[in-house]
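Visitor: mmCIF, C-alpha atoms and all ligand atoms, file my_file.cif:
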data_entry
#
loop_
_atom_site.label_atom_id
_atom_site.label_comp_id
_atom_site.auth_asym_id
_atom_site.auth_seq_id
_atom_site.Cartn_x
_atom_site.Cartn_y
_atom_site.Cartn_z
CA MET O 450 74.37 76.14 114.97
CA ALA O 451 77.44 74.46 113.44
CA GLY O 452 80.61 76.22 112.37
CA ASN O 453 82.08 77.34 115.68
CA THR O 454 85.27 75.28 115.51
CA PHE O 455 88.42 76.14 113.53
CA GLY O 456 91.44 73.91 112.84
CA SER O 457 92.02 70.20 112.56
CA ILE O 458 94.79 69.41 115.08
CA PHE O 459 95.02 72.65 117.05
CA LYS O 460 91.27 73.16 117.30
CA LEU O 461 89.57 76.27 118.65
CA THR O 462 85.88 76.30 119.53
CA THR O 463 84.47 79.67 120.56
CA PHE O 464 81.24 80.51 122.38
CA GLY O 465 79.35 83.54 123.57
CA GLU O 466 77.39 86.57 122.47
CA SER O 467 78.27 90.24 122.58
CA HIS O 468 75.82 91.13 125.39
CA GLY O 469 75.67 87.77 127.20
CA GLU O 470 77.53 86.93 130.42
CA ALA O 471 80.81 86.13 128.75
CA ILE O 472 82.60 84.95 125.65
CA GLY O 473 85.33 82.35 125.54
CA GLY O 474 86.69 79.22 124.00
CA VAL O 475 88.14 75.76 124.28
CA ILE O 476 91.38 74.83 122.54
CA ASP O 477 91.78 71.12 121.97
CA GLY O 478 94.98 69.67 120.53
CA CYS O 479 97.47 72.10 122.01
CA PRO O 480 100.76 70.23 122.57
CA SER O 481 101.85 69.68 126.16
CA GLY O 482 104.93 71.25 127.68
CA VAL O 483 104.63 74.70 126.14
CA LYS O 484 105.63 77.39 128.64
CA LEU O 485 103.14 80.17 128.08
CA ASP O 486 103.74 83.87 128.51
CA LEU O 487 100.30 84.77 129.88
CA GLU O 488 101.06 88.49 129.85
CA ALA O 489 101.81 88.34 126.14
CA ILE O 490 98.34 86.79 125.59
CA GLN O 491 96.72 89.64 127.51
CA GLU O 492 98.75 92.19 125.51
CA GLU O 493 97.37 90.76 122.28
CA LEU O 494 93.85 91.12 123.69
CA ASN O 495 94.60 94.73 124.59
CA ARG O 496 95.57 95.43 120.97
CA ARG O 497 92.12 94.21 119.87
CA LYS O 498 89.87 95.45 122.66
CA PRO O 499 87.11 98.00 122.16
CA GLY O 500 87.43 101.49 123.63
CA GLN O 501 91.22 101.62 123.15
CA SER O 502 91.30 104.95 121.24
CA ALA O 503 89.19 107.77 119.81
CA ILE O 504 88.80 106.07 116.42
CA VAL O 505 87.19 102.82 117.55
CA THR O 506 83.96 101.79 119.30
CA GLN O 507 83.63 103.49 122.69
CA ARG O 508 82.36 100.34 124.40
CA LYS O 509 84.85 99.99 127.25
CA GLU O 510 85.67 96.37 128.00
CA PRO O 511 88.65 95.28 130.10
CA ASP O 512 88.82 92.03 128.08
CA THR O 513 90.69 90.22 130.84
CA VAL O 514 91.09 86.55 130.04
CA ALA O 515 90.77 83.89 132.74
CA PHE O 516 92.05 80.37 132.08
CA TYR O 517 90.19 77.49 133.68
CA SER O 518 92.02 74.40 132.44
CA GLY O 519 94.82 72.98 130.36
CA ILE O 520 97.60 75.06 131.94
CA PHE O 521 99.52 74.05 135.09
CA ASP O 522 102.27 76.23 136.55
CA GLY O 523 102.17 78.28 133.34
CA ILE O 524 102.81 75.21 131.16
CA THR O 525 100.32 73.55 128.82
CA THR O 526 99.30 70.06 129.92
CA GLY O 527 97.97 68.81 126.57
CA THR O 528 94.42 68.77 127.92
CA PRO O 529 91.73 71.19 126.65
CA ILE O 530 92.51 74.82 127.41
CA GLY O 531 89.29 76.48 128.55
CA PHE O 532 89.13 80.25 128.90
CA VAL O 533 86.55 82.95 129.56
CA ILE O 534 86.40 86.71 128.96
CA LYS O 535 83.58 88.37 130.90
CA ASN O 536 81.39 90.94 129.16
CA ALA O 537 81.38 93.97 131.45
CA ASN O 538 80.10 96.98 129.55
CA GLN O 539 76.97 96.01 127.63
CA LYS O 540 74.31 98.68 127.05
CA SER O 541 71.61 96.44 125.71
CA LYS O 542 68.78 98.98 125.74
CA ASP O 543 70.48 100.73 122.80
CA TYR O 544 69.49 97.73 120.71
CA SER O 545 65.74 97.48 121.36
CA HIS O 546 65.13 99.25 118.03
CA ILE O 547 66.62 96.27 116.16
CA LYS O 548 64.62 93.64 118.04
CA ASP O 549 62.02 93.52 115.29
CA SER O 550 63.84 95.31 112.44
CA TYR O 551 67.01 94.58 110.55
CA ARG O 552 70.10 96.73 110.15
CA PRO O 553 70.89 96.79 106.43
CA SER O 554 74.05 94.75 105.72
CA HIS O 555 74.55 93.47 109.27
CA ALA O 556 73.65 89.84 110.09
CA ASP O 557 70.28 90.58 111.75
CA TYR O 558 68.13 89.40 108.84
CA THR O 559 70.10 86.27 107.98
CA TYR O 560 70.39 85.08 111.61
CA ASP O 561 66.64 85.58 112.08
CA GLN O 562 65.78 83.75 108.90
CA LYS O 563 68.13 80.84 109.59
CA TYR O 564 67.61 80.24 113.32
CA GLY O 565 64.16 81.74 113.89
CA ILE O 566 65.43 83.35 117.10
CA ARG O 567 68.15 85.94 117.64
CA ASP O 568 69.92 87.56 120.58
CA TYR O 569 69.50 91.04 119.13
CA ARG O 570 71.48 92.75 121.89
CA GLY O 571 74.58 94.07 120.17
CA GLY O 572 75.16 91.84 117.20
CA GLY O 573 74.66 88.80 119.48
CA ARG O 574 76.79 85.98 118.17
CA SER O 575 77.45 87.85 114.91
CA SER O 576 79.27 90.68 116.71
CA ALA O 577 83.01 90.87 116.20
CA ARG O 578 83.25 90.69 119.97
CA GLU O 579 83.61 86.93 119.34
CA THR O 580 87.02 87.58 117.74
CA ALA O 581 88.54 88.21 121.20
CA SER O 582 88.53 84.42 121.68
CA ARG O 583 90.38 83.98 118.40
CA VAL O 584 93.03 86.38 119.65
CA VAL O 585 93.56 84.32 122.82
CA ALA O 586 94.08 81.16 120.76
CA GLY O 587 96.18 83.00 118.18
CA ALA O 588 98.44 84.38 120.91
CA ILE O 589 99.02 80.82 122.17
CA ALA O 590 99.65 79.59 118.63
CA LYS O 591 102.22 82.37 118.12
CA GLN O 592 104.10 81.10 121.16
CA ILE O 593 104.22 77.55 119.81
CA LEU O 594 105.51 78.45 116.35
CA PRO O 595 109.31 78.38 116.33
CA ASN O 596 111.10 81.36 114.73
CA ILE O 597 108.05 82.43 112.75
CA SER O 598 107.05 86.10 112.86
CA ILE O 599 103.60 87.31 111.86
CA ASN O 600 103.15 91.04 111.38
CA ALA O 601 99.95 92.68 110.17
CA TYR O 602 99.42 96.39 109.61
CA VAL O 603 96.89 98.81 108.17
CA SER O 604 97.69 99.59 104.53
CA GLY O 605 94.44 101.23 103.49
CA VAL O 606 91.54 103.28 104.84
CA GLY O 607 88.93 104.22 102.25
CA ASN O 608 90.83 105.71 99.30
CA LEU O 609 93.97 106.30 101.34
CA LYS O 610 96.47 103.60 100.44
CA LEU O 611 100.06 102.82 101.37
CA GLU O 612 101.59 102.23 97.94
CA LYS O 613 104.93 100.91 99.26
CA PRO O 614 105.34 97.12 99.55
CA TYR O 615 106.12 95.70 102.99
CA THR O 616 109.79 95.30 102.06
CA GLU O 617 110.10 99.11 101.99
CA LEU O 618 108.25 99.71 105.26
CA ASP O 619 109.53 99.68 108.82
CA LEU O 620 106.95 97.46 110.48
CA SER O 621 108.36 98.23 113.93
CA HIS O 622 106.39 101.52 113.64
CA THR O 623 103.02 99.79 113.34
CA GLU O 624 102.16 99.89 117.04
CA GLN O 625 103.32 103.49 117.45
CA ASN O 626 100.04 105.04 116.30
CA ILE O 627 96.37 104.30 116.90
CA VAL O 628 95.66 103.43 113.26
CA ARG O 629 98.40 100.74 113.20
CA CYS O 630 99.83 102.01 109.92
CA PRO O 631 103.65 101.75 109.81
CA ASP O 632 104.03 105.03 107.86
CA PRO O 633 103.62 107.80 110.49
CA GLU O 634 102.51 110.49 108.01
CA MET O 635 99.95 108.26 106.35
CA ALA O 636 98.80 107.09 109.79
CA GLN O 637 98.01 110.71 110.73
CA THR O 638 96.09 111.30 107.48
CA MET O 639 94.13 108.08 108.04
CA GLU O 640 93.37 109.02 111.65
CA ASN O 641 92.03 112.44 110.60
CA TYR O 642 89.89 110.82 107.93
CA ILE O 643 88.40 108.24 110.32
CA LYS O 644 87.58 111.06 112.78
CA GLN O 645 85.84 113.01 110.03
CA ILE O 646 83.87 109.94 108.95
CA ARG O 647 82.82 109.33 112.57
CA LYS O 648 81.60 112.95 112.86
CA GLU O 649 79.46 112.39 109.78
CA GLY O 650 77.90 109.37 111.50
CA ASP O 651 79.30 107.16 108.78
CA THR O 652 81.76 104.27 108.46
CA VAL O 653 84.64 103.50 106.09
CA GLY O 654 86.38 100.30 104.96
CA GLY O 655 90.06 99.48 104.77
CA ILE O 656 92.81 96.98 104.14
CA VAL O 657 94.98 94.99 106.54
CA SER O 658 98.18 93.57 105.07
CA CYS O 659 100.12 90.77 106.69
CA VAL O 660 103.62 89.35 106.27
CA ILE O 661 104.81 86.06 107.73
CA SER O 662 108.53 85.34 107.84
CA GLY O 663 110.48 82.26 108.85
CA VAL O 664 107.99 79.67 107.62
CA PRO O 665 109.84 76.47 106.74
CA VAL O 666 109.41 74.82 103.34
CA GLY O 667 106.61 72.24 103.29
CA LEU O 668 103.56 73.58 105.16
CA GLY O 669 100.24 73.00 103.37
CA GLU O 670 98.25 69.92 102.36
CA PRO O 671 97.32 69.74 98.67
CA VAL O 672 94.96 69.39 97.06
CA PHE O 673 92.01 70.77 99.04
CA ASP O 674 93.87 71.97 102.12
CA LYS O 675 96.45 74.11 100.37
CA LEU O 676 98.10 76.61 102.69
CA HIS O 677 96.70 79.65 100.87
CA ALA O 678 93.21 78.08 100.75
CA GLU O 679 93.19 77.74 104.53
CA LEU O 680 94.57 81.24 105.01
CA GLY O 681 91.81 82.49 102.73
CA LYS O 682 89.16 80.68 104.75
CA ALA O 683 90.63 81.96 108.01
CA MET O 684 90.62 85.57 106.82
CA LEU O 685 87.20 85.37 105.19
CA SER O 686 85.77 84.04 108.47
CA ILE O 687 86.57 87.38 110.15
CA ASN O 688 83.58 89.73 110.44
CA ALA O 689 83.25 92.34 107.67
CA VAL O 690 85.91 90.78 105.42
CA LYS O 691 85.15 91.08 101.72
CA GLY O 692 88.39 90.09 100.02
CA PHE O 693 91.61 88.10 100.32
CA GLU O 694 94.60 88.11 97.99
CA TYR O 695 98.09 86.69 98.47
CA GLY O 696 101.33 87.23 96.59
CA SER O 697 100.75 89.16 93.36
CA GLY O 698 96.98 88.76 93.96
CA PHE O 699 94.56 90.36 91.53
CA GLU O 700 97.29 92.55 89.99
CA GLY O 701 99.18 89.40 88.97
CA ALA O 702 96.40 88.64 86.51
CA GLN O 703 97.62 91.56 84.38
CA LEU O 704 101.18 90.21 83.99
CA LYS O 705 102.84 87.81 81.54
CA GLY O 706 104.53 84.60 82.74
CA SER O 707 107.90 86.05 81.79
CA GLU O 708 107.22 88.94 84.17
CA HIS O 709 105.60 86.89 86.90
CA ASN O 710 107.84 83.84 87.34
CA ASP O 711 110.01 83.82 90.46
CA LEU O 712 113.45 82.71 89.25
CA PHE O 713 115.49 80.47 91.56
CA ASN O 714 118.71 81.13 93.39
CA ASN O 715 120.89 78.03 93.73
CA ASP O 716 119.83 77.50 97.35
CA GLY O 717 116.16 77.16 96.34
CA THR O 718 115.15 80.67 97.43
CA THR O 719 113.76 82.89 94.70
CA LYS O 720 114.99 86.21 93.31
CA THR O 721 111.47 87.68 93.38
CA ASN O 722 108.44 86.57 95.39
CA LEU O 723 105.29 87.17 93.39
CA SER O 724 104.20 83.69 94.52
CA GLY O 725 103.79 85.11 98.02
CA GLY O 726 105.74 82.28 99.64
CA ILE O 727 103.38 79.50 98.52
CA GLN O 728 103.56 77.29 95.42
CA GLY O 729 101.20 74.39 94.80
CA GLY O 730 99.63 75.08 98.17
CA ILE O 731 102.93 74.41 100.00
CA SER O 732 105.14 77.02 101.64
CA ASN O 733 108.43 77.49 99.77
CA GLY O 734 110.36 79.20 102.56
CA MET O 735 109.96 82.75 101.23
CA ASP O 736 107.85 85.36 103.05
CA ILE O 737 104.12 84.76 102.91
CA TYR O 738 102.25 88.01 102.40
CA PHE O 739 98.60 88.82 101.80
CA ASN O 740 95.96 91.57 101.93
CA VAL O 741 92.55 91.42 103.59
CA ALA O 742 89.79 93.88 102.58
CA PHE O 743 87.25 95.00 105.19
CA LYS O 744 83.97 96.67 104.29
CA PRO O 745 82.67 99.88 105.86
CA VAL O 746 80.64 98.33 108.66
CA ALA O 747 76.89 98.32 108.61
CA THR O 748 75.84 100.31 111.66
CA ILE O 749 75.91 103.98 110.71
CA MET O 750 74.63 106.83 112.88
CA GLN O 751 72.27 108.08 110.20
CA ASN O 752 68.65 107.45 109.32
CA GLN O 753 68.24 104.57 106.92
CA GLU O 754 65.32 102.85 105.34
CA THR O 755 64.92 99.19 106.25
CA ILE O 756 62.22 96.57 106.89
CA ASP O 757 60.73 95.06 110.02
CA LYS O 758 59.95 91.36 110.61
CA ASP O 759 56.64 91.70 108.77
CA GLY O 760 58.22 93.27 105.71
CA ASN O 761 57.00 96.82 106.43
CA THR O 762 59.30 99.65 105.43
CA VAL O 763 60.57 101.52 108.50
CA THR O 764 63.15 104.21 109.20
CA MET O 765 65.99 103.15 111.46
CA GLN O 766 68.57 105.30 113.19
CA GLY O 767 71.90 103.80 114.16
CA LYS O 768 72.40 103.49 117.91
CA GLY O 769 74.94 101.85 120.17
CA ARG O 770 78.71 102.16 120.22
CA HIS O 771 80.28 101.16 116.96
CA ASP O 772 83.54 101.22 115.05
CA PRO O 773 83.71 103.89 112.32
CA CYS O 774 86.48 101.80 110.74
CA VAL O 775 87.49 98.33 111.91
CA VAL O 776 90.99 97.95 110.48
CA PRO O 777 92.97 99.29 113.48
CA ARG O 778 91.40 96.61 115.69
CA ALA O 779 91.46 93.98 112.95
CA VAL O 780 95.27 93.88 112.84
CA PRO O 781 95.66 91.48 115.82
CA ILE O 782 92.71 89.42 114.58
CA VAL O 783 94.36 88.87 111.19
CA GLU O 784 97.62 87.91 112.89
CA SER O 785 95.77 85.51 115.18
CA MET O 786 93.93 83.74 112.38
CA ALA O 787 97.21 83.43 110.45
CA ALA O 788 98.85 81.92 113.56
CA LEU O 789 96.00 79.41 113.95
CA VAL O 790 96.44 78.25 110.35
CA LEU O 791 100.21 77.99 110.64
CA VAL O 792 100.23 76.13 113.95
CA ASP O 793 97.76 73.60 112.58
CA TYR O 794 99.88 72.94 109.49
CA TRP O 795 103.09 72.96 111.48
CA LEU O 796 101.70 70.29 113.84
CA MET O 797 100.39 68.32 110.86
CA ASN O 798 103.77 68.42 109.18
CA ARG O 799 105.43 67.20 112.38
CA THR O 800 102.97 64.31 112.60
CA ILE O 801 103.41 63.31 108.97
CA LYS O 802 107.20 63.43 109.14
CA LYS O 803 107.38 61.26 112.28
C1 LIG T 1 87.13 94.45 114.72
C2 LIG T 1 85.74 94.55 114.15
C3 LIG T 1 84.84 95.44 114.70
C4 LIG T 1 83.55 95.56 114.18
N1 LIG T 1 82.72 96.50 114.71
C5 LIG T 1 81.50 96.68 114.18
C6 LIG T 1 80.63 97.68 114.68
O1 LIG T 1 80.98 98.39 115.63
N2 LIG T 1 79.41 97.81 114.12
C7 LIG T 1 79.01 97.04 113.07
O2 LIG T 1 77.91 97.22 112.59
N3 LIG T 1 79.81 96.08 112.59
C8 LIG T 1 81.02 95.88 113.11
N4 LIG T 1 81.84 94.89 112.60
C9 LIG T 1 81.37 94.07 111.49
C10 LIG T 1 80.24 93.11 111.85
O3 LIG T 1 80.59 92.25 112.90
C11 LIG T 1 79.88 92.32 110.59
O4 LIG T 1 79.70 93.19 109.51
C12 LIG T 1 78.60 91.52 110.78
O5 LIG T 1 78.84 90.42 111.65
C13 LIG T 1 78.05 90.95 109.48
O6 LIG T 1 78.95 90.08 108.90
P1 LIG T 1 79.64 90.32 107.48
O7 LIG T 1 79.91 91.80 107.34
O8 LIG T 1 80.91 89.54 107.55
O9 LIG T 1 78.69 89.84 106.43
C14 LIG T 1 83.14 94.75 113.10
C15 LIG T 1 84.06 93.84 112.55
C16 LIG T 1 85.35 93.74 113.06
C17 LIG T 1 86.32 92.79 112.44
C1 LIG T 2 82.37 94.92 121.53
C2 LIG T 2 83.20 94.81 120.53
O1 LIG T 2 83.01 95.36 119.30
C3 LIG T 2 81.72 95.43 118.82
C4 LIG T 2 81.63 94.84 117.44
C5 LIG T 2 80.30 95.04 116.86
C6 LIG T 2 79.90 94.24 115.70
O2 LIG T 2 78.74 94.40 115.25
O3 LIG T 2 80.71 93.47 115.18
C7 LIG T 2 79.46 96.01 117.35
C8 LIG T 2 79.76 96.83 118.56
O4 LIG T 2 79.31 96.24 119.75
P1 LIG T 2 77.93 95.53 120.04
O5 LIG T 2 78.14 94.08 119.80
O6 LIG T 2 77.71 95.88 121.48
O7 LIG T 2 76.94 96.16 119.12
C9 LIG T 2 81.25 96.89 118.78
O8 LIG T 2 81.51 97.57 119.97
C10 LIG T 2 84.44 94.04 120.61
O9 LIG T 2 85.09 93.90 119.57
O10 LIG T 2 84.78 93.54 121.69
#
Go ahead and express the file in the form of structure tokens.
Ligand SMILES: Cc1cc2nc3c(=O)[nH]c(=O)nc-3n(C[C@H](O)[C@H](O)[C@H](O)COP(=O)(O)O)c2cc1C
Ligand SMILES: C=C(O[C@@H]1CC(C(=O)O)=C[C@@H](OP(=O)(O)O)[C@H]1O)C(=O)O

Guide:
Amino acid sequence: MAGNTFGSIFKLTTFGESHGEAIGGVIDGCPSGVKLDLEAIQEELNRRKPGQSAIVTQRKEPDTVAFYSGIFDGITTGTPIGFVIKNANQKSKDYSHIKDSYRPSHADYTYDQKYGIRDYRGGGRSSARETASRVVAGAIAKQILPNISINAYVSGVGNLKLEKPYTELDLSHTEQNIVRCPDPEMAQTMENYIKQIRKEGDTVGGIVSCVISGVPVGLGEPVFDKLHAELGKAMLSINAVKGFEYGSGFEGAQLKGSEHNDLFNNDGTTKTNLSGGIQGGISNGMDIYFNVAFKPVATIMQNQETIDKDGNTVTMQGKGRHDPCVVPRAVPIVESMAALVLVDYWLMNRTIKK
């Protein structure tokens, strides 16, 4: 199975399945001499972990990370950073019903067809449990990036949407509610809606928005490794993601050039920022902002028609502990993937300029 490594200088390889012994990763290419705040890494994991509130999966995992290499006296040594997060709260018997049948729109069918064998307990390797390892690496990347802030927040749940742009929001409120929406009133409405959806045994999608400030001019490697192309790949690699747009995004397609162009100030900044901080695949020093769309996840607590391995139609009922809506927990994952992209390009830029 290829495809388990992300990045070209700061490289993360993850391993592990949702109901196996453990998940974890190896980071190769981390610069030496970085003093790490290990508590801050654990805090990022706590933002992502299952069982954290009434509107997420009730699987209760401590998600405590243990580092095995690459850090000495709290400082990176430049050697591979190996880390492990033990799985502690699997309930694998809840998944025997999907051993020989496929949940519609999960990855059961495609994994079976491609590999011919599948750890069906939980989603196995396809479970978003794997993203905990991304958060560890992302938290380290955040600590390497100088003066760059990355803030994601929930801007949509089903039809409920925050219409205000990030410039009119107080993002310091994001962590003050369990939805991670910076508008307290909207957060409450979203929370009530997710609770109602959960009661119905259903799931609902949503949008995570992200804003990155303090990025210097010059990150991004045209023509194939443009900064926004890599951000797009990073976001689309997250489980359940269906869409990525940056800057003016899909709405920009409705505008005229005279409305869309970002006119310059004399210092090279721009009066508007419909470009979303990237032009020609290179950061221009303005804020980078983007939206990531998540689908309503596949496992619903309702009877559904599906097929078994032999192609027979069967009725399946959702079992196990699942997220009715993933966006509250996806916020730190989006930030982490953004940090991994930025640290890679930042290190590349440093190398090229030397
Ligand atoms: C934070 C997070 C939590 C998720 N939780 C669940 C879940 O509880 N149940 C589920 O069926 N899918 C869940 N998913 C989505 C599946 O992992 C994903 O749909 C599956 O791997 C198939 O991949 P795809 O949707 O990207 O095609 C979650 C995704 C994320 C990002
Ligand atoms: C365990 C986590 O979330 C899981 C993500 C997930 C999925 O299908 O993506 C399905 C559920 O668990 P399982 O793999 O046991 O079916 C969630 O609880 C986690 O994020 O740590």

Visitor: Once you count all atoms listed in the file, what closest atom pair and distance in Å to one decimal does each residue of chain O within 6 Å of ligand LIG 2 (chain T) have, with rows by chain and rising residue number, as a tab-separated table?

Guide:
residue	atom	partner	partner_atom	distance
O:Ser467	CA	T:LIG2	O5	4.7
O:Lys498	CA	T:LIG2	O10	5.5
O:Pro499	CA	T:LIG2	C10	5.0
O:Thr506	CA	T:LIG2	O8	4.9
O:Arg508	CA	T:LIG2	O8	5.3
O:Gly571	CA	T:LIG2	O7	3.3
O:Gly572	CA	T:LIG2	O5	4.5
O:Ser576	CA	T:LIG2	O3	3.5
O:Ala577	CA	T:LIG2	O3	3.6
O:Arg578	CA	T:LIG2	C10	3.6
O:Arg770	CA	T:LIG2	O8	5.4
O:His771	CA	T:LIG2	C8	4.6

Visitor: Rounded to one decimal, what separation in Å do you get between CA of Ile524 in chain O and CA of Ala588 in chain O?

Guide: 14.4 Å

Visitor: Pick the closest to Thr580 in chain O from O:Gln703, O:Leu712, O:Gly474, O:Tyr695: which is it, counting only C-alpha atoms?

Guide: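 Using only C-alpha atoms, the shortest distance to Thr580 in chain O belongs to O:Gly474.
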
Visitor: Have a look at O:Thr513, O:Thr764, O:Ser575, O:Ser518 and name the one nearest to ligand LIG 1 (chain T); count all atoms listed in the file.

Guide: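 Using all atoms listed in the file, the shortest distance to ligand LIG 1 (chain T) belongs to O:Ser575.
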
Visitor: Could you pull the residues within 6 Å of Cys659 in chain O, counting all atoms listed in the file, minus those fewer than 6 positions along the same chain, as a list in words?

Guide: Asn600, Ala601, Tyr738 and Phe739 of chain O

Visitor: Output the neighbourhood of ligand LIG 1 (chain T) as a PyMOL selection string, that is, all protein and nucleic acid residues with some atom at most 10 Å from the ligand, counting all atoms listed in the file.

Guide: chain O and resi 497-499+505-508+552-557+559-560+571-581+652+685-691+743-749+767-783

Visitor: To one decimal in Å, tell me the separation between CA of Glu624 in chain O and CA of Lys535 in chain O.

Guide: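 Calculated distance between CA of Glu624 in chain O and CA of Lys535 in chain O is 25.9 Å.
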
Visitor: Can you pull out every residue within 9 Å of Leu487 in chain O, counting only C-alpha atoms, but drop anything in the same chain fewer than 5 positions away, and send it as a PyMOL selection string?

Guide: chain O and resi 492+523+589

Visitor: Between O:Ile534, O:His622, O:Ile476, O:Ala503, which has the minimum distance to Gly519 in chain O (counting all atoms listed in the file)?

Guide: O:Ile476

Visitor: So, with all atoms listed in the file as the atoms that count, which of O:Thr528, O:Asn626, O:Thr719, O:Ser785 lies closest to Ala683 in chain O?

Guide: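 Counting all atoms listed in the file, the residue closest to Ala683 in chain O is O:Ser785.
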
Visitor: Determine the nearest neighbour of Gly587 in chain O from the options O:Ile737, O:Val514, O:Ala678, O:Leu461, counting all atoms listed in the file.

Guide: O:Leu461

Visitor: Might you pull out every residue within 10 Å of Cys479 in chain O, with all atoms listed in the file counted and same-chain residues fewer than 3 positions away left off, and present them as a ChimeraX atom specification?

Guide: /O:458-461,476,482-483,519,525-530,586,589-590,593,792-793,796

Visitor: Counting only C-alpha atoms, which of O:Gly698, O:Pro671, O:Gly760, O:Gly465 gets nearest to Val741 in chain O?

Guide: O:Gly698

Visitor: List as CSV every residue of range 686-712 of chain O that is in contact with range 725-730 of chain O, defined as an atom at most 12 Å from one of its atoms (using only C-alpha atoms), together with the nearest atom pair and the distance in Å rounded to one decimal, sorted by chain and then rising number.

Guide:
residue,atom,partner,partner_atom,distance
O:Glu694,CA,O:Gly725,CA,9.7
O:Tyr695,CA,O:Gly725,CA,5.9
O:Gly696,CA,O:Gly725,CA,3.5
O:Ser697,CA,O:Gly725,CA,6.9
O:Gly698,CA,O:Gly725,CA,8.7
O:Gly701,CA,O:Gly725,CA,11.0
O:His709,CA,O:Gly725,CA,11.4
O:Asn710,CA,O:Gln728,CA,11.2
O:Asp711,CA,O:Gly725,CA,9.9

Visitor: Write the selection just made, keeping C-alpha atoms, as a PDB file, keeping the file's coordinate frame?

Guide:
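Written output follows (again24.pdb):
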ATOM      1  CA  GLU O 694      94.600  88.110  97.990  1.00  0.00           C
ATOM      2  CA  TYR O 695      98.090  86.690  98.470  1.00  0.00           C
ATOM      3  CA  GLY O 696     101.330  87.230  96.590  1.00  0.00           C
ATOM      4  CA  SER O 697     100.750  89.160  93.360  1.00  0.00           C
ATOM      5  CA  GLY O 698      96.980  88.760  93.960  1.00  0.00           C
ATOM      6  CA  GLY O 701      99.180  89.400  88.970  1.00  0.00           C
ATOM      7  CA  HIS O 709     105.600  86.890  86.900  1.00  0.00           C
ATOM      8  CA  ASN O 710     107.840  83.840  87.340  1.00  0.00           C
ATOM      9  CA  ASP O 711     110.010  83.820  90.460  1.00  0.00           C
TER      10      ASP O 711
END

Visitor: What does the structure give for the distance between CA of Asn740 in chain O and CA of Asp486 in chain O, in Å to one decimal?

Guide: 28.7 Å

Visitor: Might you pull out every residue within 12 Å of Asn798 in chain O, with all atoms listed in the file counted and same-chain residues fewer than 2 positions away left off, and present them as JSON, numbers by chain?

Guide: {"O": [458, 665, 666, 667, 668, 669, 670, 676, 731, 732, 791, 792, 793, 794, 795, 796, 800, 801, 802, 803]}
